[in-house]
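Chemist: Take this structure first; my questions come after.
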Amino acid sequence: MKALILAAGEGTRLRPLTSNVPKPLLLVAGRPFLSHVLDALSSQGIKDICILVGWKANKIKEHYGDGSPMGLRITYLEQKERKGTAHAVGMAEEVMDSPFVCVNGDVVLFESDLKAVLDRHAETKHTVMGAVHVPDPQRFGVIEERDSMLLKIHEKPRSPPTDLINAGLFVFMPDIFEHIRATPVSPRGEYEITDTLNALARNGGVAVQPLRERWIDVGTPWDLLRANEMLMSHLARRIDGTIEEGATVKGAVVVEQGALVRSGSYIEGPAYISAGCDIGPNCYIRPSTCLGPGVRVGASVEVKNSIVMSYSHVPHHNYVGDSLIGERCNLGAGTKIANLRFDDRNVKVVHNGELVDSGRRKLGAIMGDDVKTGINAMIDAGTVIYEGSVIGPGATARGCIGPGSKIL
């Protein structure tokens, strides 16, 4: 069986993290997000994979190539105009001539869930859609079903009939393309896969398979933190780098070859230390921390439940908690990132121009690429800092700070 991964979106909801990096290549649990999806497909014997790309397509193509180093056969389709999910799936008509897996490139995919969907297809010979129960279904496509067969999908309803939603994982039969060609343009001006599936459902042709694992649709930066926490919980200990005498490494910690953990460092798993990292001396890496290639974490630094992306430096007397730090950032000595409000309520974030509740009691900074801070800079909980900005010595940053800004 082949697979189609939908990864053409611009990831605007994840900015500033996606200003320079396509969403599928964002670092999660030590690897690009898309690599975890590819691993799950490969685990079920699916080696022929077509990736639908769009935004910064060349970066994805350059990273994965033909897939041979991963034991895969990867091809690409490019969606130059985003006209909806049905349009995206329809682009694969010429390369998918038998039942195929289709998965959104922005969902956490576990092997057991993929196997359950594949087993259901083998049993029913129907199109199968993965479904999951969520506490806030009105934000998604809500499923109405009977006897595990789809009756209708209600797109973002104000009064959801159930708490079961479309999980973005399917096995499609080849006749899906016939139904896509008959799908009309929606009021939003797009071709919606929801409309296609509802047409299929009227003929009793879509089986619904509930998923058992925790599920995340990575649509906001703090969703990326949740995905990292979830994937890190499955991490297995592996020490290939250098651990100096006097360093402590506890639990499920990965230290890749070429990484150095200096004396006095204290690392609690799950944690991921990528190749080229230089850690310590005398620092504290707390659980669910992922450090990308070439990251520097120096003396008297504490990093907790955060993703620090490639070649960023957190070198002297810093605290980074529950944060997302982009590539090539540098925190000046004494820079502190707050992650908790004084009133202990959920942290609110300016996201796409609106102040929204992150749903998280602890959330630090969301920092784009190439941000620099001066000594003793202070960054408030939930602050968004776009790429290329400078937070000066002793300055306080809060709210949303646009690209190339200077806070002095």
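Ordered as shown in the structure tokens, chains take letters A, B, and onward, while each chain numbers its residues from 1 and ligands are numbered from 1 in the order shown.
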When you look at Arg31 in chain A with a cut-off of 10 Å (counting only C-alpha atoms), what residues show up, excluding the ones that are within fewer than 3 positions of it in the same chain? I need them as a list in words.

Modeler: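 In the requested form, the answer reads Leu25, Leu26, Leu27, Val28, Leu34, Ser35, His36, Tyr272, Ser274, Cys290, Gly292 and Pro293 of chain A.
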
Chemist: Run DSSP on the backbone and tell me which residues of range 139-347 of chain A come out as helix (DSSP H, G or I); list them as a list of chain:residue names.

Modeler: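 Here are the helix (DSSP H, G or I) residues of range 139-347 of chain A: A:Arg139, A:Ile176, A:Phe177, A:Glu178, A:His179, A:Ile180, A:Arg181, A:Ile193, A:Thr194, A:Asp195, A:Thr196, A:Leu197, A:Asn198, A:Ala199, A:Leu200, A:Ala201, A:Pro221, A:Trp222, A:Asp223, A:Leu224, A:Leu225, A:Arg226, A:Ala227, A:Asn228, A:Glu229, A:Met230, A:Leu231, A:Met232.
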
Chemist: How about saving the chosen residues, N, CA and C atoms kept, as a PDB file, in the first residue's frame?

Modeler:
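File out19.pdb, as written:
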```pdb
ATOM      1  N   ARG A 139     -14.260  23.052  17.333  1.00  0.00           N
ATOM      2  CA  ARG A 139     -13.161  23.603  16.518  1.00  0.00           C
ATOM      3  C   ARG A 139     -12.809  22.718  15.333  1.00  0.00           C
ATOM      4  N   ILE A 176     -12.316   7.585  -4.522  1.00  0.00           N
ATOM      5  CA  ILE A 176     -12.361   8.894  -3.883  1.00  0.00           C
ATOM      6  C   ILE A 176     -12.169  10.004  -4.900  1.00  0.00           C
ATOM      7  N   PHE A 177     -11.380   9.740  -5.944  1.00  0.00           N
ATOM      8  CA  PHE A 177     -11.089  10.783  -6.926  1.00  0.00           C
ATOM      9  C   PHE A 177     -12.325  11.126  -7.761  1.00  0.00           C
ATOM     10  N   GLU A 178     -13.139  10.125  -8.048  1.00  0.00           N
ATOM     11  CA  GLU A 178     -14.404  10.379  -8.748  1.00  0.00           C
ATOM     12  C   GLU A 178     -15.294  11.304  -7.914  1.00  0.00           C
ATOM     13  N   HIS A 179     -15.350  11.050  -6.617  1.00  0.00           N
ATOM     14  CA  HIS A 179     -16.174  11.874  -5.734  1.00  0.00           C
ATOM     15  C   HIS A 179     -15.577  13.271  -5.556  1.00  0.00           C
ATOM     16  N   ILE A 180     -14.234  13.365  -5.570  1.00  0.00           N
ATOM     17  CA  ILE A 180     -13.597  14.680  -5.473  1.00  0.00           C
ATOM     18  C   ILE A 180     -13.931  15.526  -6.691  1.00  0.00           C
ATOM     19  N   ARG A 181     -13.921  14.913  -7.865  1.00  0.00           N
ATOM     20  CA  ARG A 181     -14.255  15.666  -9.085  1.00  0.00           C
ATOM     21  C   ARG A 181     -15.681  16.205  -9.036  1.00  0.00           C
ATOM     22  N   ILE A 193     -12.748  18.308   1.769  1.00  0.00           N
ATOM     23  CA  ILE A 193     -12.842  16.849   1.864  1.00  0.00           C
ATOM     24  C   ILE A 193     -14.045  16.440   2.706  1.00  0.00           C
ATOM     25  N   THR A 194     -14.499  17.333   3.589  1.00  0.00           N
ATOM     26  CA  THR A 194     -15.712  17.070   4.366  1.00  0.00           C
ATOM     27  C   THR A 194     -16.905  16.826   3.434  1.00  0.00           C
ATOM     28  N   ASP A 195     -17.038  17.673   2.409  1.00  0.00           N
ATOM     29  CA  ASP A 195     -18.146  17.508   1.462  1.00  0.00           C
ATOM     30  C   ASP A 195     -18.003  16.212   0.679  1.00  0.00           C
ATOM     31  N   THR A 196     -16.782  15.868   0.312  1.00  0.00           N
ATOM     32  CA  THR A 196     -16.533  14.614  -0.412  1.00  0.00           C
ATOM     33  C   THR A 196     -16.931  13.414   0.440  1.00  0.00           C
ATOM     34  N   LEU A 197     -16.519  13.415   1.706  1.00  0.00           N
ATOM     35  CA  LEU A 197     -16.829  12.298   2.599  1.00  0.00           C
ATOM     36  C   LEU A 197     -18.327  12.206   2.879  1.00  0.00           C
ATOM     37  N   ASN A 198     -18.990  13.341   2.984  1.00  0.00           N
ATOM     38  CA  ASN A 198     -20.441  13.304   3.201  1.00  0.00           C
ATOM     39  C   ASN A 198     -21.157  12.695   2.005  1.00  0.00           C
ATOM     40  N   ALA A 199     -20.661  12.966   0.799  1.00  0.00           N
ATOM     41  CA  ALA A 199     -21.246  12.343  -0.387  1.00  0.00           C
ATOM     42  C   ALA A 199     -21.020  10.831  -0.359  1.00  0.00           C
ATOM     43  N   LEU A 200     -19.829  10.416   0.025  1.00  0.00           N
ATOM     44  CA  LEU A 200     -19.545   8.979   0.160  1.00  0.00           C
ATOM     45  C   LEU A 200     -20.422   8.335   1.221  1.00  0.00           C
ATOM     46  N   ALA A 201     -20.627   9.055   2.317  1.00  0.00           N
ATOM     47  CA  ALA A 201     -21.382   8.507   3.441  1.00  0.00           C
ATOM     48  C   ALA A 201     -22.832   8.238   3.066  1.00  0.00           C
ATOM     49  N   PRO A 221       1.658  27.177  18.138  1.00  0.00           N
ATOM     50  CA  PRO A 221       2.984  26.867  18.695  1.00  0.00           C
ATOM     51  C   PRO A 221       2.929  26.036  19.962  1.00  0.00           C
ATOM     52  N   TRP A 222       1.967  26.308  20.847  1.00  0.00           N
ATOM     53  CA  TRP A 222       1.929  25.532  22.085  1.00  0.00           C
ATOM     54  C   TRP A 222       1.456  24.099  21.833  1.00  0.00           C
ATOM     55  N   ASP A 223       0.771  23.850  20.712  1.00  0.00           N
ATOM     56  CA  ASP A 223       0.486  22.467  20.329  1.00  0.00           C
ATOM     57  C   ASP A 223       1.779  21.709  20.039  1.00  0.00           C
ATOM     58  N   LEU A 224       2.765  22.421  19.498  1.00  0.00           N
ATOM     59  CA  LEU A 224       4.061  21.790  19.228  1.00  0.00           C
ATOM     60  C   LEU A 224       4.716  21.340  20.528  1.00  0.00           C
ATOM     61  N   LEU A 225       4.566  22.131  21.592  1.00  0.00           N
ATOM     62  CA  LEU A 225       5.079  21.706  22.894  1.00  0.00           C
ATOM     63  C   LEU A 225       4.380  20.436  23.365  1.00  0.00           C
ATOM     64  N   ARG A 226       3.045  20.388  23.197  1.00  0.00           N
ATOM     65  CA  ARG A 226       2.286  19.197  23.596  1.00  0.00           C
ATOM     66  C   ARG A 226       2.731  17.980  22.792  1.00  0.00           C
ATOM     67  N   ALA A 227       2.933  18.162  21.498  1.00  0.00           N
ATOM     68  CA  ALA A 227       3.392  17.057  20.661  1.00  0.00           C
ATOM     69  C   ALA A 227       4.764  16.574  21.106  1.00  0.00           C
ATOM     70  N   ASN A 228       5.627  17.511  21.456  1.00  0.00           N
ATOM     71  CA  ASN A 228       6.955  17.139  21.931  1.00  0.00           C
ATOM     72  C   ASN A 228       6.870  16.339  23.227  1.00  0.00           C
ATOM     73  N   GLU A 229       6.038  16.799  24.163  1.00  0.00           N
ATOM     74  CA  GLU A 229       5.854  16.076  25.422  1.00  0.00           C
ATOM     75  C   GLU A 229       5.356  14.661  25.157  1.00  0.00           C
ATOM     76  N   MET A 230       4.391  14.541  24.237  1.00  0.00           N
ATOM     77  CA  MET A 230       3.802  13.242  23.948  1.00  0.00           C
ATOM     78  C   MET A 230       4.812  12.286  23.309  1.00  0.00           C
ATOM     79  N   LEU A 231       5.522  12.769  22.296  1.00  0.00           N
ATOM     80  CA  LEU A 231       6.483  11.909  21.613  1.00  0.00           C
ATOM     81  C   LEU A 231       7.680  11.588  22.499  1.00  0.00           C
ATOM     82  N   MET A 232       8.080  12.535  23.342  1.00  0.00           N
ATOM     83  CA  MET A 232       9.202  12.276  24.249  1.00  0.00           C
ATOM     84  C   MET A 232       8.857  11.224  25.291  1.00  0.00           C
TER      85      MET A 232
END
```

Chemist: In terms of the shortest atom-to-atom distance over only C-alpha atoms, which of A:Gly359, A:Gly168, A:Pro157, A:Gly388 is closest to Ile5 in chain A?

Modeler: A:Gly168

Chemist: Calculated over only C-alpha atoms, which of the candidates A:Ser263, A:Ser148, A:Ser358, A:Ser405 has the smallest distance to Gly392 in chain A?

Modeler: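 Looking at the shortest contact to Gly392 in chain A, the residue is A:Ser405.
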
Chemist: Could you please determine the separation between CA of Gln138 in chain A and CA of Pro161 in chain A in Å, to one decimal place?

Modeler: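 Distance between the two atoms: 9.5 Å.
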
Chemist: Measure the distance from CA of Gly368 in chain A to CA of Val108 in chain A in Å and round it to one decimal.

Modeler: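 Interatomic distance here is 22.5 Å.
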
Chemist: For Gly382 in chain A, work out the shell of residues within 8 Å, counting only C-alpha atoms and skipping chain neighbours fewer than 5 positions away, then give it as a short mmCIF file (atom, residue, chain, number, x, y, z; two decimals) with C-alpha atoms, in the first residue's frame.

Modeler:
```
data_model
loop_
_atom_site.label_atom_id
_atom_site.label_comp_id
_atom_site.auth_asym_id
_atom_site.auth_seq_id
_atom_site.Cartn_x
_atom_site.Cartn_y
_atom_site.Cartn_z
CA ASN A 339 6.43 30.79 32.21
CA VAL A 347 -1.26 32.00 29.94
CA LYS A 348 -2.77 34.12 27.16
CA VAL A 349 -0.97 34.74 23.88
CA LEU A 363 3.96 28.77 28.80
CA GLY A 364 7.11 30.79 28.25
CA ALA A 365 8.30 32.43 25.02
CA ILE A 366 7.60 31.63 21.39
CA ARG A 398 5.86 41.07 26.56
CA GLY A 399 2.96 40.62 24.16
#
```

Chemist: Counting only C-alpha atoms, which of A:Lys152, A:Lys23, A:Lys47, A:Arg328 gets nearest to Asp370 in chain A?

Modeler: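 Result for the nearest residue to Asp370 in chain A: A:Arg328.
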
Chemist: What does the structure give for the distance between CA of Ala3 in chain A and CA of Phe100 in chain A, in Å to one decimal?

Modeler: 5.4 Å

Chemist: Could you name the residues that touch Ser306 in chain A at 7 Å or less, counting only C-alpha atoms, but leaving out those on the same chain fewer than 6 positions away, as number ranges by chain?

Modeler: A: 288-290, 321-324

Chemist: Produce a file of the selected residues containing N, CA, C and O atoms, as an mmCIF file, in the first residue's frame.

Modeler:
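Full text of out22.cif as output:
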```cif
data_model
loop_
_atom_site.group_PDB
_atom_site.id
_atom_site.type_symbol
_atom_site.label_atom_id
_atom_site.label_comp_id
_atom_site.auth_asym_id
_atom_site.auth_seq_id
_atom_site.Cartn_x
_atom_site.Cartn_y
_atom_site.Cartn_z
ATOM 1 N N SER A 288 11.388 16.586 29.190
ATOM 2 C CA SER A 288 10.707 17.024 27.963
ATOM 3 C C SER A 288 11.407 18.189 27.296
ATOM 4 O O SER A 288 10.783 19.013 26.624
ATOM 5 N N THR A 289 12.731 18.234 27.447
ATOM 6 C CA THR A 289 13.535 19.236 26.754
ATOM 7 C C THR A 289 14.173 18.598 25.526
ATOM 8 O O THR A 289 14.740 17.511 25.601
ATOM 9 N N CYS A 290 14.063 19.299 24.404
ATOM 10 C CA CYS A 290 14.642 18.838 23.141
ATOM 11 C C CYS A 290 15.586 19.917 22.639
ATOM 12 O O CYS A 290 15.167 21.060 22.410
ATOM 13 N N GLY A 321 11.827 28.089 30.346
ATOM 14 C CA GLY A 321 10.823 27.093 30.712
ATOM 15 C C GLY A 321 9.637 27.118 29.773
ATOM 16 O O GLY A 321 9.149 28.185 29.403
ATOM 17 N N ASP A 322 9.176 25.936 29.338
ATOM 18 C CA ASP A 322 7.956 25.776 28.539
ATOM 19 C C ASP A 322 7.973 26.708 27.331
ATOM 20 O O ASP A 322 6.987 27.378 27.020
ATOM 21 N N SER A 323 9.095 26.727 26.629
ATOM 22 C CA SER A 323 9.311 27.695 25.557
ATOM 23 C C SER A 323 9.691 27.009 24.252
ATOM 24 O O SER A 323 10.138 25.856 24.230
ATOM 25 N N LEU A 324 9.530 27.763 23.177
ATOM 26 C CA LEU A 324 9.950 27.344 21.843
ATOM 27 C C LEU A 324 10.928 28.395 21.335
ATOM 28 O O LEU A 324 10.550 29.550 21.132
#
```

Chemist: List every residue of range 134-247 of chain A that has an atom at most 12 Å from any atom of range 112-119 of chain A, and for each one report the closest atom pair and its distance in Å to one decimal, counting only C-alpha atoms, with rows sorted by chain and then by increasing residue number, as a tab-separated table.

Modeler:
```
residue	atom	partner	partner_atom	distance
A:Ala167	CA	A:Asp113	CA	10.5
A:Gly168	CA	A:Leu114	CA	11.3
A:Leu169	CA	A:Leu114	CA	7.9
A:Phe170	CA	A:Val117	CA	7.4
A:Val171	CA	A:Leu118	CA	7.1
A:Phe172	CA	A:Leu118	CA	10.5
A:Val206	CA	A:Val117	CA	11.9
A:Ala207	CA	A:Val117	CA	9.4
A:Val208	CA	A:Val117	CA	8.7
A:Gln209	CA	A:Val117	CA	6.2
A:Pro210	CA	A:Val117	CA	8.5
A:Leu211	CA	A:Asp113	CA	5.5
A:Arg212	CA	A:Asp113	CA	6.5
A:Glu213	CA	A:Asp113	CA	6.8
A:Arg214	CA	A:Asp113	CA	9.8
A:Trp215	CA	A:Asp113	CA	9.9
```
